[in-house]
>>> print(open('model_20.pdb').read())   # PDB, C-alpha atoms, pLDDT in the B column
MODEL        1
ATOM      1  CA  MET A   9       0.000   0.000   0.000  1.00 43.00           C
ATOM      2  CA  ALA A  10       1.439   3.375  -1.015  1.00 47.00           C
ATOM      3  CA  GLY A  11       2.583   5.462   1.933  1.00 57.00           C
ATOM      4  CA  GLU A  12       2.358   2.565   4.373  1.00 72.00           C
ATOM      5  CA  ALA A  13       4.658   3.054   7.358  1.00 79.00           C
ATOM      6  CA  PRO A  14       7.628   0.685   7.709  1.00 93.00           C
ATOM      7  CA  LEU A  15       7.128  -2.142  10.176  1.00 96.00           C
ATOM      8  CA  ILE A  16      10.211  -0.999  12.109  1.00 97.00           C
ATOM      9  CA  GLU A  17      12.101   2.274  11.956  1.00 97.00           C
ATOM     10  CA  PHE A  18      15.161   3.476  13.863  1.00 98.00           C
ATOM     11  CA  ARG A  19      15.771   7.224  13.669  1.00 97.00           C
ATOM     12  CA  LYS A  20      19.252   8.142  14.945  1.00 98.00           C
ATOM     13  CA  VAL A  21      18.912   5.749  17.872  1.00 98.00           C
ATOM     14  CA  THR A  22      21.548   5.964  20.600  1.00 97.00           C
ATOM     15  CA  LYS A  23      21.919   3.687  23.606  1.00 97.00           C
ATOM     16  CA  ILE A  24      24.388   4.630  26.329  1.00 96.00           C
ATOM     17  CA  TYR A  25      25.380   2.477  29.292  1.00 93.00           C
ATOM     18  CA  GLY A  26      27.294   3.867  32.267  1.00 91.00           C
ATOM     19  CA  GLN A  27      28.528   7.411  32.932  1.00 88.00           C
ATOM     20  CA  GLY A  28      31.744   9.385  32.734  1.00 86.00           C
ATOM     21  CA  GLU A  29      34.805   7.275  31.997  1.00 85.00           C
ATOM     22  CA  ALA A  30      32.663   4.132  32.178  1.00 87.00           C
ATOM     23  CA  GLU A  31      30.294   5.359  29.473  1.00 90.00           C
ATOM     24  CA  VAL A  32      29.716   2.946  26.584  1.00 92.00           C
ATOM     25  CA  ARG A  33      27.803   3.927  23.449  1.00 93.00           C
ATOM     26  CA  ALA A  34      26.321   0.605  22.440  1.00 96.00           C
ATOM     27  CA  LEU A  35      24.366   2.377  19.681  1.00 97.00           C
ATOM     28  CA  ASP A  36      25.486   5.702  18.262  1.00 97.00           C
ATOM     29  CA  GLY A  37      22.906   7.282  15.967  1.00 97.00           C
ATOM     30  CA  ALA A  38      21.797   4.099  14.193  1.00 97.00           C
ATOM     31  CA  SER A  39      19.128   4.573  11.510  1.00 97.00           C
ATOM     32  CA  PHE A  40      17.353   1.984   9.357  1.00 98.00           C
ATOM     33  CA  THR A  41      13.893   0.809   8.326  1.00 97.00           C
ATOM     34  CA  ILE A  42      12.508  -2.700   7.914  1.00 97.00           C
ATOM     35  CA  LYS A  43       9.402  -3.390   5.854  1.00 96.00           C
ATOM     36  CA  THR A  44       6.774  -6.067   6.383  1.00 96.00           C
ATOM     37  CA  GLY A  45       7.819  -9.347   4.743  1.00 96.00           C
ATOM     38  CA  GLU A  46      11.574  -8.719   4.736  1.00 97.00           C
ATOM     39  CA  PHE A  47      14.192 -11.214   5.919  1.00 97.00           C
ATOM     40  CA  VAL A  48      16.992  -9.107   7.405  1.00 97.00           C
ATOM     41  CA  ALA A  49      20.250 -10.254   8.985  1.00 97.00           C
ATOM     42  CA  ILE A  50      22.080  -7.944  11.405  1.00 97.00           C
ATOM     43  CA  MET A  51      25.817  -8.580  11.684  1.00 96.00           C
ATOM     44  CA  GLY A  52      28.927  -6.925  13.052  1.00 94.00           C
ATOM     45  CA  PRO A  53      31.969  -7.563  15.241  1.00 93.00           C
ATOM     46  CA  SER A  54      31.693  -8.007  18.997  1.00 90.00           C
ATOM     47  CA  GLY A  55      30.538  -4.738  20.557  1.00 90.00           C
ATOM     48  CA  SER A  56      29.100  -3.429  17.284  1.00 94.00           C
ATOM     49  CA  GLY A  57      25.632  -2.883  18.751  1.00 95.00           C
ATOM     50  CA  LYS A  58      23.768  -5.650  16.936  1.00 95.00           C
ATOM     51  CA  SER A  59      22.463  -7.318  20.107  1.00 93.00           C
ATOM     52  CA  THR A  60      21.535  -3.947  21.597  1.00 96.00           C
ATOM     53  CA  ALA A  61      19.569  -3.150  18.438  1.00 96.00           C
ATOM     54  CA  MET A  62      17.736  -6.461  18.757  1.00 95.00           C
ATOM     55  CA  ASN A  63      16.922  -5.784  22.415  1.00 94.00           C
ATOM     56  CA  LEU A  64      15.468  -2.398  21.504  1.00 96.00           C
ATOM     57  CA  ILE A  65      13.422  -3.830  18.627  1.00 97.00           C
ATOM     58  CA  GLY A  66      12.096  -6.463  21.049  1.00 95.00           C
ATOM     59  CA  CYS A  67      11.154  -3.791  23.611  1.00 94.00           C
ATOM     60  CA  LEU A  68      13.493  -5.413  26.132  1.00 91.00           C
ATOM     61  CA  ASP A  69      15.321  -2.084  26.531  1.00 92.00           C
ATOM     62  CA  ARG A  70      14.764   1.583  25.655  1.00 93.00           C
ATOM     63  CA  PRO A  71      16.899   4.029  23.633  1.00 96.00           C
ATOM     64  CA  SER A  72      18.825   6.803  25.362  1.00 96.00           C
ATOM     65  CA  SER A  73      17.929   9.117  22.460  1.00 97.00           C
ATOM     66  CA  GLY A  74      16.479   8.960  18.980  1.00 97.00           C
ATOM     67  CA  GLU A  75      13.240   7.243  17.992  1.00 97.00           C
ATOM     68  CA  TYR A  76      12.102   3.658  17.512  1.00 97.00           C
ATOM     69  CA  LEU A  77       8.806   3.353  15.661  1.00 97.00           C
ATOM     70  CA  PHE A  78       6.752   0.166  15.302  1.00 97.00           C
ATOM     71  CA  HIS A  79       4.057   0.392  12.624  1.00 94.00           C
ATOM     72  CA  GLY A  80       4.613   4.142  12.749  1.00 94.00           C
ATOM     73  CA  VAL A  81       3.989   4.372  16.507  1.00 95.00           C
ATOM     74  CA  PRO A  82       6.825   5.822  18.656  1.00 96.00           C
ATOM     75  CA  VAL A  83       7.542   3.033  21.143  1.00 96.00           C
ATOM     76  CA  ALA A  84       8.804   5.599  23.699  1.00 92.00           C
ATOM     77  CA  SER A  85       5.225   6.895  23.939  1.00 94.00           C
ATOM     78  CA  LEU A  86       4.037   3.522  25.261  1.00 94.00           C
ATOM     79  CA  ASP A  87       3.938   2.786  28.969  1.00 93.00           C
ATOM     80  CA  ARG A  88       5.369  -0.383  30.493  1.00 92.00           C
ATOM     81  CA  ASN A  89       2.142  -2.375  30.127  1.00 93.00           C
ATOM     82  CA  GLN A  90       1.678  -1.291  26.513  1.00 94.00           C
ATOM     83  CA  ARG A  91       5.226  -2.350  25.665  1.00 93.00           C
ATOM     84  CA  ALA A  92       4.548  -5.737  27.287  1.00 91.00           C
ATOM     85  CA  LEU A  93       1.428  -6.083  25.123  1.00 91.00           C
ATOM     86  CA  LEU A  94       3.450  -5.188  22.029  1.00 94.00           C
ATOM     87  CA  ARG A  95       5.943  -7.953  22.852  1.00 92.00           C
ATOM     88  CA  ARG A  96       3.171 -10.445  23.581  1.00 89.00           C
ATOM     89  CA  ASN A  97       0.966  -9.746  20.565  1.00 91.00           C
ATOM     90  CA  TYR A  98       3.299  -8.627  17.786  1.00 94.00           C
ATOM     91  CA  LEU A  99       6.751 -10.143  18.411  1.00 95.00           C
ATOM     92  CA  GLY A 100       7.967 -13.728  18.418  1.00 94.00           C
ATOM     93  CA  PHE A 101      11.370 -14.509  19.952  1.00 94.00           C
ATOM     94  CA  VAL A 102      13.818 -17.282  19.038  1.00 94.00           C
ATOM     95  CA  PHE A 103      17.007 -17.523  21.109  1.00 89.00           C
ATOM     96  CA  GLN A 104      20.335 -19.309  20.695  1.00 88.00           C
ATOM     97  CA  GLY A 105      19.723 -21.313  23.874  1.00 89.00           C
ATOM     98  CA  TYR A 106      16.136 -22.363  22.949  1.00 90.00           C
ATOM     99  CA  ASN A 107      14.784 -21.270  26.390  1.00 92.00           C
ATOM    100  CA  LEU A 108      12.472 -24.271  26.714  1.00 95.00           C
ATOM    101  CA  LEU A 109      11.063 -25.532  30.003  1.00 94.00           C
ATOM    102  CA  ALA A 110      12.932 -28.786  30.670  1.00 95.00           C
ATOM    103  CA  ARG A 111      10.100 -30.664  32.375  1.00 94.00           C
ATOM    104  CA  ARG A 112       7.418 -29.662  29.878  1.00 96.00           C
ATOM    105  CA  SER A 113       6.622 -31.410  26.610  1.00 97.00           C
ATOM    106  CA  ALA A 114       7.104 -29.761  23.244  1.00 97.00           C
ATOM    107  CA  LEU A 115       3.341 -29.185  23.112  1.00 97.00           C
ATOM    108  CA  GLU A 116       3.277 -27.544  26.546  1.00 96.00           C
ATOM    109  CA  ASN A 117       6.239 -25.304  25.686  1.00 96.00           C
ATOM    110  CA  VAL A 118       4.562 -24.130  22.493  1.00 97.00           C
ATOM    111  CA  GLU A 119       1.274 -23.455  24.308  1.00 96.00           C
ATOM    112  CA  LEU A 120       2.817 -21.013  26.775  1.00 93.00           C
ATOM    113  CA  PRO A 121       2.265 -17.727  24.868  1.00 91.00           C
ATOM    114  CA  LEU A 122      -1.422 -18.589  24.479  1.00 92.00           C
ATOM    115  CA  ILE A 123      -1.791 -19.192  28.219  1.00 90.00           C
ATOM    116  CA  TYR A 124      -0.555 -15.634  28.804  1.00 84.00           C
ATOM    117  CA  LYS A 125      -3.121 -14.422  26.268  1.00 85.00           C
ATOM    118  CA  GLY A 126      -5.950 -16.199  28.081  1.00 88.00           C
ATOM    119  CA  ILE A 127      -6.762 -18.644  25.256  1.00 91.00           C
ATOM    120  CA  GLY A 128      -8.819 -21.680  26.310  1.00 94.00           C
ATOM    121  CA  ARG A 129      -7.196 -25.106  26.732  1.00 93.00           C
ATOM    122  CA  ALA A 130      -8.782 -26.812  23.724  1.00 95.00           C
ATOM    123  CA  GLU A 131      -7.864 -24.033  21.304  1.00 95.00           C
ATOM    124  CA  ARG A 132      -4.348 -23.811  22.769  1.00 95.00           C
ATOM    125  CA  LYS A 133      -3.711 -27.481  22.155  1.00 95.00           C
ATOM    126  CA  GLN A 134      -5.101 -27.410  18.633  1.00 96.00           C
ATOM    127  CA  ARG A 135      -2.963 -24.416  17.675  1.00 95.00           C
ATOM    128  CA  ALA A 136       0.123 -25.942  19.332  1.00 96.00           C
ATOM    129  CA  PHE A 137      -0.353 -29.187  17.377  1.00 96.00           C
ATOM    130  CA  GLU A 138      -0.672 -27.145  14.163  1.00 95.00           C
ATOM    131  CA  ALA A 139       2.427 -25.058  14.943  1.00 95.00           C
ATOM    132  CA  LEU A 140       4.548 -28.141  15.671  1.00 96.00           C
ATOM    133  CA  SER A 141       3.341 -29.784  12.467  1.00 95.00           C
ATOM    134  CA  LYS A 142       4.281 -26.635  10.544  1.00 92.00           C
ATOM    135  CA  VAL A 143       7.890 -26.874  11.772  1.00 94.00           C
ATOM    136  CA  GLY A 144       8.150 -30.591  10.991  1.00 93.00           C
ATOM    137  CA  LEU A 145       7.627 -32.036  14.469  1.00 95.00           C
ATOM    138  CA  LYS A 146       4.361 -33.928  14.016  1.00 95.00           C
ATOM    139  CA  GLY A 147       4.569 -36.981  16.264  1.00 95.00           C
ATOM    140  CA  ARG A 148       7.023 -35.344  18.679  1.00 95.00           C
ATOM    141  CA  GLU A 149       4.463 -33.280  20.576  1.00 96.00           C
ATOM    142  CA  HIS A 150       4.828 -35.169  23.873  1.00 97.00           C
ATOM    143  CA  HIS A 151       8.635 -35.353  23.916  1.00 97.00           C
ATOM    144  CA  THR A 152      10.482 -33.255  26.489  1.00 97.00           C
ATOM    145  CA  PRO A 153      13.520 -31.158  25.426  1.00 96.00           C
ATOM    146  CA  SER A 154      15.940 -33.839  26.675  1.00 96.00           C
ATOM    147  CA  GLU A 155      14.330 -36.283  24.251  1.00 97.00           C
ATOM    148  CA  LEU A 156      14.882 -33.966  21.272  1.00 96.00           C
ATOM    149  CA  SER A 157      17.991 -33.014  19.290  1.00 94.00           C
ATOM    150  CA  GLY A 158      19.271 -29.444  19.311  1.00 94.00           C
ATOM    151  CA  GLY A 159      17.708 -28.796  15.929  1.00 94.00           C
ATOM    152  CA  GLN A 160      14.369 -30.207  17.089  1.00 96.00           C
ATOM    153  CA  GLN A 161      14.490 -28.059  20.228  1.00 96.00           C
ATOM    154  CA  GLN A 162      15.043 -24.974  18.053  1.00 94.00           C
ATOM    155  CA  ARG A 163      12.064 -26.017  15.925  1.00 96.00           C
ATOM    156  CA  VAL A 164       9.966 -26.131  19.110  1.00 97.00           C
ATOM    157  CA  ALA A 165      11.201 -22.622  19.933  1.00 96.00           C
ATOM    158  CA  ILE A 166      10.220 -21.423  16.447  1.00 96.00           C
ATOM    159  CA  ALA A 167       6.775 -23.022  16.804  1.00 96.00           C
ATOM    160  CA  ARG A 168       6.377 -21.213  20.137  1.00 96.00           C
ATOM    161  CA  ALA A 169       7.325 -17.932  18.455  1.00 95.00           C
ATOM    162  CA  LEU A 170       4.800 -18.531  15.667  1.00 93.00           C
ATOM    163  CA  ILE A 171       1.805 -19.610  17.704  1.00 93.00           C
ATOM    164  CA  ALA A 172       0.602 -16.114  18.606  1.00 88.00           C
ATOM    165  CA  ASN A 173       0.708 -15.028  14.926  1.00 90.00           C
ATOM    166  CA  PRO A 174       3.291 -12.263  15.472  1.00 93.00           C
ATOM    167  CA  ASP A 175       4.108  -9.554  12.948  1.00 94.00           C
ATOM    168  CA  VAL A 176       7.815 -10.337  13.182  1.00 96.00           C
ATOM    169  CA  ILE A 177      10.131 -13.077  14.415  1.00 97.00           C
ATOM    170  CA  LEU A 178      13.277 -11.872  16.192  1.00 97.00           C
ATOM    171  CA  ALA A 179      15.930 -14.598  15.965  1.00 96.00           C
ATOM    172  CA  ASP A 180      19.039 -14.025  18.100  1.00 94.00           C
ATOM    173  CA  GLU A 181      21.849 -16.350  16.892  1.00 93.00           C
ATOM    174  CA  PRO A 182      19.283 -19.099  16.144  1.00 94.00           C
ATOM    175  CA  THR A 183      21.941 -21.517  14.826  1.00 93.00           C
ATOM    176  CA  GLY A 184      24.654 -20.674  17.364  1.00 90.00           C
ATOM    177  CA  ASN A 185      24.361 -24.005  19.222  1.00 90.00           C
ATOM    178  CA  LEU A 186      23.813 -26.205  16.159  1.00 91.00           C
ATOM    179  CA  ASP A 187      26.051 -28.172  13.816  1.00 92.00           C
ATOM    180  CA  THR A 188      26.196 -27.329  10.106  1.00 92.00           C
ATOM    181  CA  LYS A 189      23.463 -29.736   9.003  1.00 93.00           C
ATOM    182  CA  MET A 190      21.041 -28.637  11.728  1.00 92.00           C
ATOM    183  CA  SER A 191      21.877 -24.981  11.065  1.00 94.00           C
ATOM    184  CA  ARG A 192      20.932 -25.346   7.413  1.00 94.00           C
ATOM    185  CA  GLU A 193      17.664 -27.047   8.359  1.00 93.00           C
ATOM    186  CA  ILE A 194      16.715 -24.231  10.735  1.00 94.00           C
ATOM    187  CA  MET A 195      17.643 -21.566   8.185  1.00 95.00           C
ATOM    188  CA  GLN A 196      15.590 -23.337   5.514  1.00 95.00           C
ATOM    189  CA  LEU A 197      12.637 -23.385   7.913  1.00 94.00           C
ATOM    190  CA  LEU A 198      12.971 -19.638   8.476  1.00 95.00           C
ATOM    191  CA  CYS A 199      13.216 -19.122   4.699  1.00 95.00           C
ATOM    192  CA  ASP A 200      10.045 -21.158   4.164  1.00 94.00           C
ATOM    193  CA  LEU A 201       8.184 -19.055   6.742  1.00 94.00           C
ATOM    194  CA  ASN A 202       9.395 -15.908   5.008  1.00 95.00           C
ATOM    195  CA  ASP A 203       8.708 -17.118   1.447  1.00 94.00           C
ATOM    196  CA  ASN A 204       5.442 -18.983   1.936  1.00 92.00           C
ATOM    197  CA  GLU A 205       3.778 -17.074   4.774  1.00 91.00           C
ATOM    198  CA  GLY A 206       5.273 -13.616   4.365  1.00 92.00           C
ATOM    199  CA  MET A 207       6.674 -13.697   7.894  1.00 94.00           C
ATOM    200  CA  THR A 208       9.017 -10.802   8.655  1.00 97.00           C
ATOM    201  CA  ILE A 209      12.259 -12.144  10.120  1.00 97.00           C
ATOM    202  CA  ILE A 210      15.064 -10.175  11.768  1.00 98.00           C
ATOM    203  CA  MET A 211      18.072 -12.275  12.664  1.00 97.00           C
ATOM    204  CA  VAL A 212      21.250 -11.415  14.561  1.00 96.00           C
ATOM    205  CA  THR A 213      24.116 -13.684  13.560  1.00 94.00           C
ATOM    206  CA  HIS A 214      27.913 -13.746  13.494  1.00 90.00           C
ATOM    207  CA  GLU A 215      27.980 -16.417  10.772  1.00 90.00           C
ATOM    208  CA  GLU A 216      28.300 -15.067   7.235  1.00 92.00           C
ATOM    209  CA  ASP A 217      27.001 -18.253   5.637  1.00 93.00           C
ATOM    210  CA  MET A 218      23.823 -17.994   7.728  1.00 94.00           C
ATOM    211  CA  ALA A 219      23.380 -14.331   6.760  1.00 95.00           C
ATOM    212  CA  GLU A 220      23.378 -15.441   3.110  1.00 95.00           C
ATOM    213  CA  TYR A 221      19.886 -16.865   3.635  1.00 96.00           C
ATOM    214  CA  ALA A 222      18.567 -13.335   4.260  1.00 96.00           C
ATOM    215  CA  HIS A 223      17.644 -10.956   1.480  1.00 94.00           C
ATOM    216  CA  ARG A 224      19.283  -8.012   3.220  1.00 96.00           C
ATOM    217  CA  LEU A 225      22.217  -7.430   5.551  1.00 97.00           C
ATOM    218  CA  ILE A 226      22.625  -4.572   8.012  1.00 97.00           C
ATOM    219  CA  TRP A 227      26.313  -4.440   8.991  1.00 97.00           C
ATOM    220  CA  MET A 228      27.037  -2.573  12.228  1.00 97.00           C
ATOM    221  CA  VAL A 229      30.329  -1.209  13.570  1.00 96.00           C
ATOM    222  CA  ASP A 230      30.800   0.827  16.777  1.00 95.00           C
ATOM    223  CA  GLY A 231      27.070   1.313  17.207  1.00 96.00           C
ATOM    224  CA  LYS A 232      26.524   2.681  13.709  1.00 96.00           C
ATOM    225  CA  VAL A 233      25.111   1.192  10.515  1.00 97.00           C
ATOM    226  CA  GLU A 234      28.155   0.915   8.264  1.00 96.00           C
ATOM    227  CA  ARG A 235      26.529  -0.948   5.396  1.00 96.00           C
ATOM    228  CA  ASP A 236      22.940  -1.806   4.440  1.00 96.00           C
ATOM    229  CA  GLY A 237      22.275  -3.957   1.385  1.00 95.00           C
ATOM    230  CA  LYS A 238      22.491  -7.469   0.039  1.00 92.00           C
ATOM    231  CA  PRO A 239      24.821  -9.994   1.721  1.00 90.00           C
ATOM    232  CA  SER A 240      28.176 -10.443  -0.005  1.00 84.00           C
ATOM    233  CA  GLY A 241      26.962 -13.538  -1.866  1.00 81.00           C
ATOM    234  CA  GLY A 242      23.787 -11.845  -3.041  1.00 79.00           C
ATOM    235  CA  GLY A 243      21.483 -13.187  -0.313  1.00 78.00           C
ATOM    236  CA  GLY A 244      18.356 -15.252  -0.689  1.00 74.00           C
ATOM    237  CA  LYS A 245      20.274 -18.546  -0.308  1.00 79.00           C
ATOM    238  CA  ARG A 246      17.768 -21.388  -0.441  1.00 70.00           C
TER     239      ARG A 246
ENDMDL
END
>>> encode(input="model_20.pdb", output="structure tokens")
Amino acid sequence: MAGEAPLIEFRKVTKIYGQGEAEVRALDGASFTIKTGEFVAIMGPSGSGKSTAMNLIGCLDRPSSGEYLFHGVPVASLDRNQRALLRRNYLGFVFQGYNLLARRSALENVELPLIYKGIGRAERKQRAFEALSKVGLKGREHHTPSELSGGQQQRVAIARALIANPDVILADEPTGNLDTKMSREIMQLLCDLNDNEGMTIIMVTHEEDMAEYAHRLIWMVDGKVERDGKPSGGGGKR
């Protein structure tokens, strides 16, 4: 739609930790926009600000200055409860360490976001079964994390991120704990979600070959966006 606001927009965003000699500028005037349906990788050396940017996008932290807009709404104008609702209803999180409950089955782990949203038990279970099937885990619903491989655990985490129908999936080093074969499987799953369902995906990674699956790369250095364009290999690796 012409004139539609970007899904995410950073306008000269700065994030400062500490004071005086201990001051660290984790972000230093970073600006970029991300449109609905994009698959964007954020990369950079250690201390570049990529993880800080992800935390701000996920409303887990707030900028020191500048503006972060979500669907055109300045996130700084939202109170604590409104930011929590934004996270719950519009954002899906996938972490390097899976963050699954060890004593709960795959089905129970995937259901969790719907419990927080007050969805009834029958609907929760149906949607959790569907989400696990979508990520290739049909038949594994009642396995606990210890009974699943690392790649399968990450698939559970992706199903959990998907179940609330978020506007965007934020993937923080999603293949960091996986071997090459499993990493490729997880990246292909994210590509399928992007290609077939139009899911917006923002991924922080330090692995160039994983970034090649994205259509666009934001390269950060010293808290600034140094480069914004296609990955070195052209992107869109499938």
>>> closest_residue(input="model_20.pdb", among="A:Thr213, A:Asn173, A:Gln196, A:Thr22", to="Gly159 (chain A)", atoms="only C-alpha atoms")
A:Gln196
>>> residues_around(input="model_20.pdb", residues="Arg148 (chain A)", least_positions_apart="4", cutoff="12 Å", atoms="all atoms listed in the file", output="compact mmCIF listing (two decimals) with C-alpha atoms, in the frame of the given file")
# COMPACT_ATOMS: atom_id res chain seq x y z
CA SER A 113 6.62 -31.41 26.61
CA ALA A 114 7.10 -29.76 23.24
CA LEU A 115 3.34 -29.18 23.11
CA GLU A 116 3.28 -27.54 26.55
CA ALA A 136 0.12 -25.94 19.33
CA PHE A 137 -0.35 -29.19 17.38
CA ALA A 139 2.43 -25.06 14.94
CA LEU A 140 4.55 -28.14 15.67
CA SER A 141 3.34 -29.78 12.47
CA VAL A 143 7.89 -26.87 11.77
CA GLY A 144 8.15 -30.59 10.99
CA THR A 152 10.48 -33.26 26.49
CA PRO A 153 13.52 -31.16 25.43
CA GLU A 155 14.33 -36.28 24.25
CA LEU A 156 14.88 -33.97 21.27
CA SER A 157 17.99 -33.01 19.29
CA GLN A 160 14.37 -30.21 17.09
CA GLN A 161 14.49 -28.06 20.23
CA ARG A 163 12.06 -26.02 15.92
CA VAL A 164 9.97 -26.13 19.11
>>> residues_near_point(input="model_20.pdb", point="(1.3, -7.3, 22.2)", cutoff="12 Å", atoms="only C-alpha atoms", output="PyMOL selection string")
chain A and resi 66-67+78+86+88-100+121-122+124-125+172-176
>>> residues_around(input="model_20.pdb", residues="Ser54 (chain A)", least_positions_apart="2", cutoff="9 Å", atoms="only C-alpha atoms", output="list in words")
Gly52, Ser56, Gly57, Lys58, His214 and Val229 of chain A
>>> atom_distance(input="model_20.pdb", atom1="CA of Asp217 (chain A)", atom2="CA of Ile16 (chain A)")
24.9 Å
>>> atom_distance(input="model_20.pdb", atom1="CA of Arg132 (chain A)", atom2="CA of Ile177 (chain A)")
19.9 Å
>>> atom_distance(input="model_20.pdb", atom1="CA of Gly37 (chain A)", atom2="CA of Met211 (chain A)")
20.4 Å
>>> resolve_selection(input="model_20.pdb", expression="the PyMOL selection byres ((chain A and resi 33) around 12)", output="ChimeraX atom specification")
/A:21-32,34-38,55-57,60-61,71-73,229-232
>>> closest_residue(input="model_20.pdb", among="A:Arg112, A:Leu178, A:Gln104, A:Phe18", to="Arg70 (chain A)", atoms="all atoms listed in the file")
A:Phe18
>>> residues_around(input="model_20.pdb", residues="Ala169 (chain A)", least_positions_apart="2", cutoff="6 Å", atoms="only C-alpha atoms", output="PyMOL selection string")
chain A and resi 100-101+166-167+171
>>> closest_residue(input="model_20.pdb", among="A:Ile209, A:Ala219, A:Leu145, A:Val233", to="Phe47 (chain A)", atoms="only C-alpha atoms")
A:Ile209
